[in-house]
Amino acid sequence: MYTTMKKTFYYEFLPSKADEEAAKARGVPHRVTRTLVQIRDMTPPPKFDPNNPWKIRKSVTNGEVINGKLMLTHQATFEYIFRYWGEEICKHVIAGNKSYVIILDYTDEDSPKRLQGERVFFEGGSNDTYFLGWMDLVRSRSVTAGDEIGLFWDNSTGTFGFKLLRKVDTPIQG
């Protein structure tokens, strides 16, 4: 049976005696720290439905189109992406670093398009947000603000799956 390791943050609200004394000596208050930890995933991962795999659905904002970075929430990232990734790569991304990824564009289901390169990445942002670099998709699919997209992490291929589900005024299919 395949099990995943869920990622979560462990917060250290109370300092050790040594940390408390060191902070006091420097004349600064203790800062709450957090560390990424892996815990056994007691609940099964979201069931994969090959007919509708789009676990993350969202309407695209103007900023996401202009900047070429699709913003993902902490909840979506930890639930649908990080639970399948190794701890070290998660720490790398959380620290604000880029991890270059591959996106398979399934908008044209008969011939999925593979995107990778310096503008296709996943990185951590501020306030527990995460970004998928997707400028190549924005340009190739003429994505505009208000379009609905679907996204999922395909653990079997180690790639993001993407689909333009609905243009602003034109239903596609989803």
# chains A, B, ... in the order shown; residues from 1 in each chain; ligands from 1

call {"tool": "closest_atom_pairs", "arguments": {"of": "segment 47-89 of chain A", "to": "segment 158-167 of chain A", "cutoff": "12 Å", "atoms": "only C-alpha atoms", "output": "tab-separated table"}}
result
residue	atom	partner	partner_atom	distance
A:Pro50	CA	A:Gly161	CA	11.4
A:Asn52	CA	A:Lys163	CA	10.6
A:Pro53	CA	A:Gly161	CA	8.5
A:Trp54	CA	A:Phe162	CA	7.9
A:Lys55	CA	A:Gly161	CA	10.0
A:Ile56	CA	A:Phe162	CA	9.6
A:Arg57	CA	A:Leu165	CA	8.8
A:Lys58	CA	A:Leu165	CA	9.6
A:Ser59	CA	A:Arg166	CA	9.0
A:Val60	CA	A:Lys167	CA	10.1
A:Leu70	CA	A:Phe162	CA	11.7
A:Tyr80	CA	A:Phe160	CA	10.6
A:Ile81	CA	A:Phe160	CA	9.0
A:Phe82	CA	A:Gly158	CA	11.9
A:Tyr84	CA	A:Gly158	CA	9.2
A:Trp85	CA	A:Gly158	CA	9.0
A:Gly86	CA	A:Gly158	CA	11.6

call {"tool": "residues_around", "arguments": {"residues": "Leu72 of chain A", "least_positions_apart": "4", "cutoff": "9 Å", "atoms": "only C-alpha atoms", "output": "number ranges by chain"}}
result
A: 56, 76-77, 129-132

call {"tool": "select_by_dssp", "arguments": {"residues": "segment 21-86 of chain A", "states": "strand (DSSP E)", "output": "PDB file with C-alpha atoms, in the first residue's frame"}}
result
ATOM      1  CA  THR A  33      10.173  29.657  15.027  1.00  0.00           C
ATOM      2  CA  ARG A  34       8.723  26.990  12.839  1.00  0.00           C
ATOM      3  CA  THR A  35      10.194  23.919  11.230  1.00  0.00           C
ATOM      4  CA  LEU A  36       8.795  21.781   8.450  1.00  0.00           C
ATOM      5  CA  VAL A  37       8.209  18.229   9.649  1.00  0.00           C
ATOM      6  CA  GLN A  38       6.794  15.104   8.077  1.00  0.00           C
ATOM      7  CA  ILE A  39       4.071  13.157   9.820  1.00  0.00           C
ATOM      8  CA  ARG A  40       2.490   9.859   8.901  1.00  0.00           C
ATOM      9  CA  ILE A  56      -6.840  22.824  -7.773  1.00  0.00           C
ATOM     10  CA  ARG A  57      -9.297  25.012  -9.673  1.00  0.00           C
ATOM     11  CA  LYS A  58      -9.198  28.748  -9.785  1.00  0.00           C
ATOM     12  CA  SER A  59     -10.084  31.840 -11.736  1.00  0.00           C
ATOM     13  CA  LYS A  69       3.155  33.404 -11.664  1.00  0.00           C
ATOM     14  CA  LEU A  70       0.065  31.483 -10.591  1.00  0.00           C
ATOM     15  CA  MET A  71      -0.510  31.914  -6.853  1.00  0.00           C
ATOM     16  CA  LEU A  72      -1.446  28.842  -4.812  1.00  0.00           C
TER      17      LEU A  72
END

call {"tool": "select_by_dssp", "arguments": {"residues": "segment 73-136 of chain A", "states": "helix (DSSP H, G or I)", "output": "MDAnalysis selection string"}}
result
chainID A and resid 74:80 82:84 87:94 135:136

call {"tool": "closest_residue", "arguments": {"among": "A:Glu64, A:Asp49, A:Glu12, A:Glu21", "to": "Val143 of chain A", "atoms": "only C-alpha atoms"}}
result
A:Glu64

call {"tool": "closest_residue", "arguments": {"among": "A:Tyr106, A:Ala25, A:Ser111, A:Arg83", "to": "Asn155 of chain A", "atoms": "only C-alpha atoms"}}
result
A:Arg83

call {"tool": "residues_around", "arguments": {"residues": "segment 89-93 of chain A", "least_positions_apart": "4", "cutoff": "6 Å", "atoms": "only C-alpha atoms", "output": "compact mmCIF listing (two decimals) with all heavy atoms, in the first residue's frame"}}
result
# COMPACT_ATOMS: atom_id res chain seq x y z
N ASN A 97 13.04 29.46 -2.51
CA ASN A 97 13.83 29.08 -3.68
C ASN A 97 12.95 28.50 -4.78
O ASN A 97 11.87 27.98 -4.51
CB ASN A 97 14.89 28.04 -3.29
CG ASN A 97 15.83 28.59 -2.24
OD1 ASN A 97 16.47 29.60 -2.44
ND2 ASN A 97 15.88 27.93 -1.11
N GLU A 123 7.82 27.99 -6.54
CA GLU A 123 8.60 28.68 -5.52
C GLU A 123 7.71 29.16 -4.39
O GLU A 123 6.50 29.33 -4.56
CB GLU A 123 9.37 29.87 -6.10
CG GLU A 123 8.50 31.04 -6.51
CD GLU A 123 9.29 32.23 -7.05
OE1 GLU A 123 10.51 32.30 -6.82
OE2 GLU A 123 8.68 33.07 -7.71
N GLY A 124 8.34 29.35 -3.24
CA GLY A 124 7.64 29.87 -2.08
C GLY A 124 7.58 31.39 -2.14
O GLY A 124 8.50 32.03 -2.64

call {"tool": "residues_around", "arguments": {"residues": "Val120 of chain A", "least_positions_apart": "6", "cutoff": "12 Å", "atoms": "only C-alpha atoms", "output": "ChimeraX atom specification"}}
result
/A:68-70,98-104,114,131-138,159-160

call {"tool": "decode", "arguments": {"residues": "segment 45-88 of chain A", "atoms": "C-alpha atoms", "output": "compact mmCIF listing (two decimals), in the first residue's frame"}}
result
# COMPACT_ATOMS: atom_id res chain seq x y z
CA PRO A 45 -4.69 11.27 -0.04
CA PRO A 46 -7.45 12.75 -2.20
CA LYS A 47 -8.73 10.06 -4.55
CA PHE A 48 -7.42 10.43 -8.09
CA ASP A 49 -10.18 10.59 -10.69
CA PRO A 50 -8.70 10.24 -14.18
CA ASN A 51 -11.86 11.79 -15.67
CA ASN A 52 -11.58 14.87 -13.46
CA PRO A 53 -8.11 15.15 -11.88
CA TRP A 54 -8.20 18.94 -11.39
CA LYS A 55 -7.77 19.14 -7.61
CA ILE A 56 -6.84 22.82 -7.77
CA ARG A 57 -9.30 25.01 -9.67
CA LYS A 58 -9.20 28.75 -9.79
CA SER A 59 -10.08 31.84 -11.74
CA VAL A 60 -6.95 33.58 -12.90
CA THR A 61 -6.25 37.16 -11.77
CA ASN A 62 -4.79 39.94 -13.89
CA GLY A 63 -1.64 39.94 -11.73
CA GLU A 64 -1.11 36.21 -12.33
CA VAL A 65 -1.29 36.80 -16.08
CA ILE A 66 1.00 39.85 -16.10
CA ASN A 67 3.60 38.38 -13.70
CA GLY A 68 3.50 34.87 -15.16
CA LYS A 69 3.16 33.40 -11.66
CA LEU A 70 0.06 31.48 -10.59
CA MET A 71 -0.51 31.91 -6.85
CA LEU A 72 -1.45 28.84 -4.81
CA THR A 73 -2.59 28.87 -1.21
CA HIS A 74 -0.85 27.16 1.68
CA GLN A 75 -3.75 24.70 1.99
CA ALA A 76 -3.76 23.72 -1.69
CA THR A 77 0.02 23.42 -1.82
CA PHE A 78 0.33 21.24 1.28
CA GLU A 79 -2.74 19.09 0.50
CA TYR A 80 -2.28 18.49 -3.23
CA ILE A 81 1.45 18.97 -3.90
CA PHE A 82 3.75 18.78 -0.88
CA ARG A 83 2.22 15.57 0.47
CA TYR A 84 3.76 13.84 -2.57
CA TRP A 85 7.12 15.64 -2.53
CA GLY A 86 10.17 14.80 -0.45
CA GLU A 87 10.93 16.80 2.67
CA GLU A 88 14.14 18.40 1.32
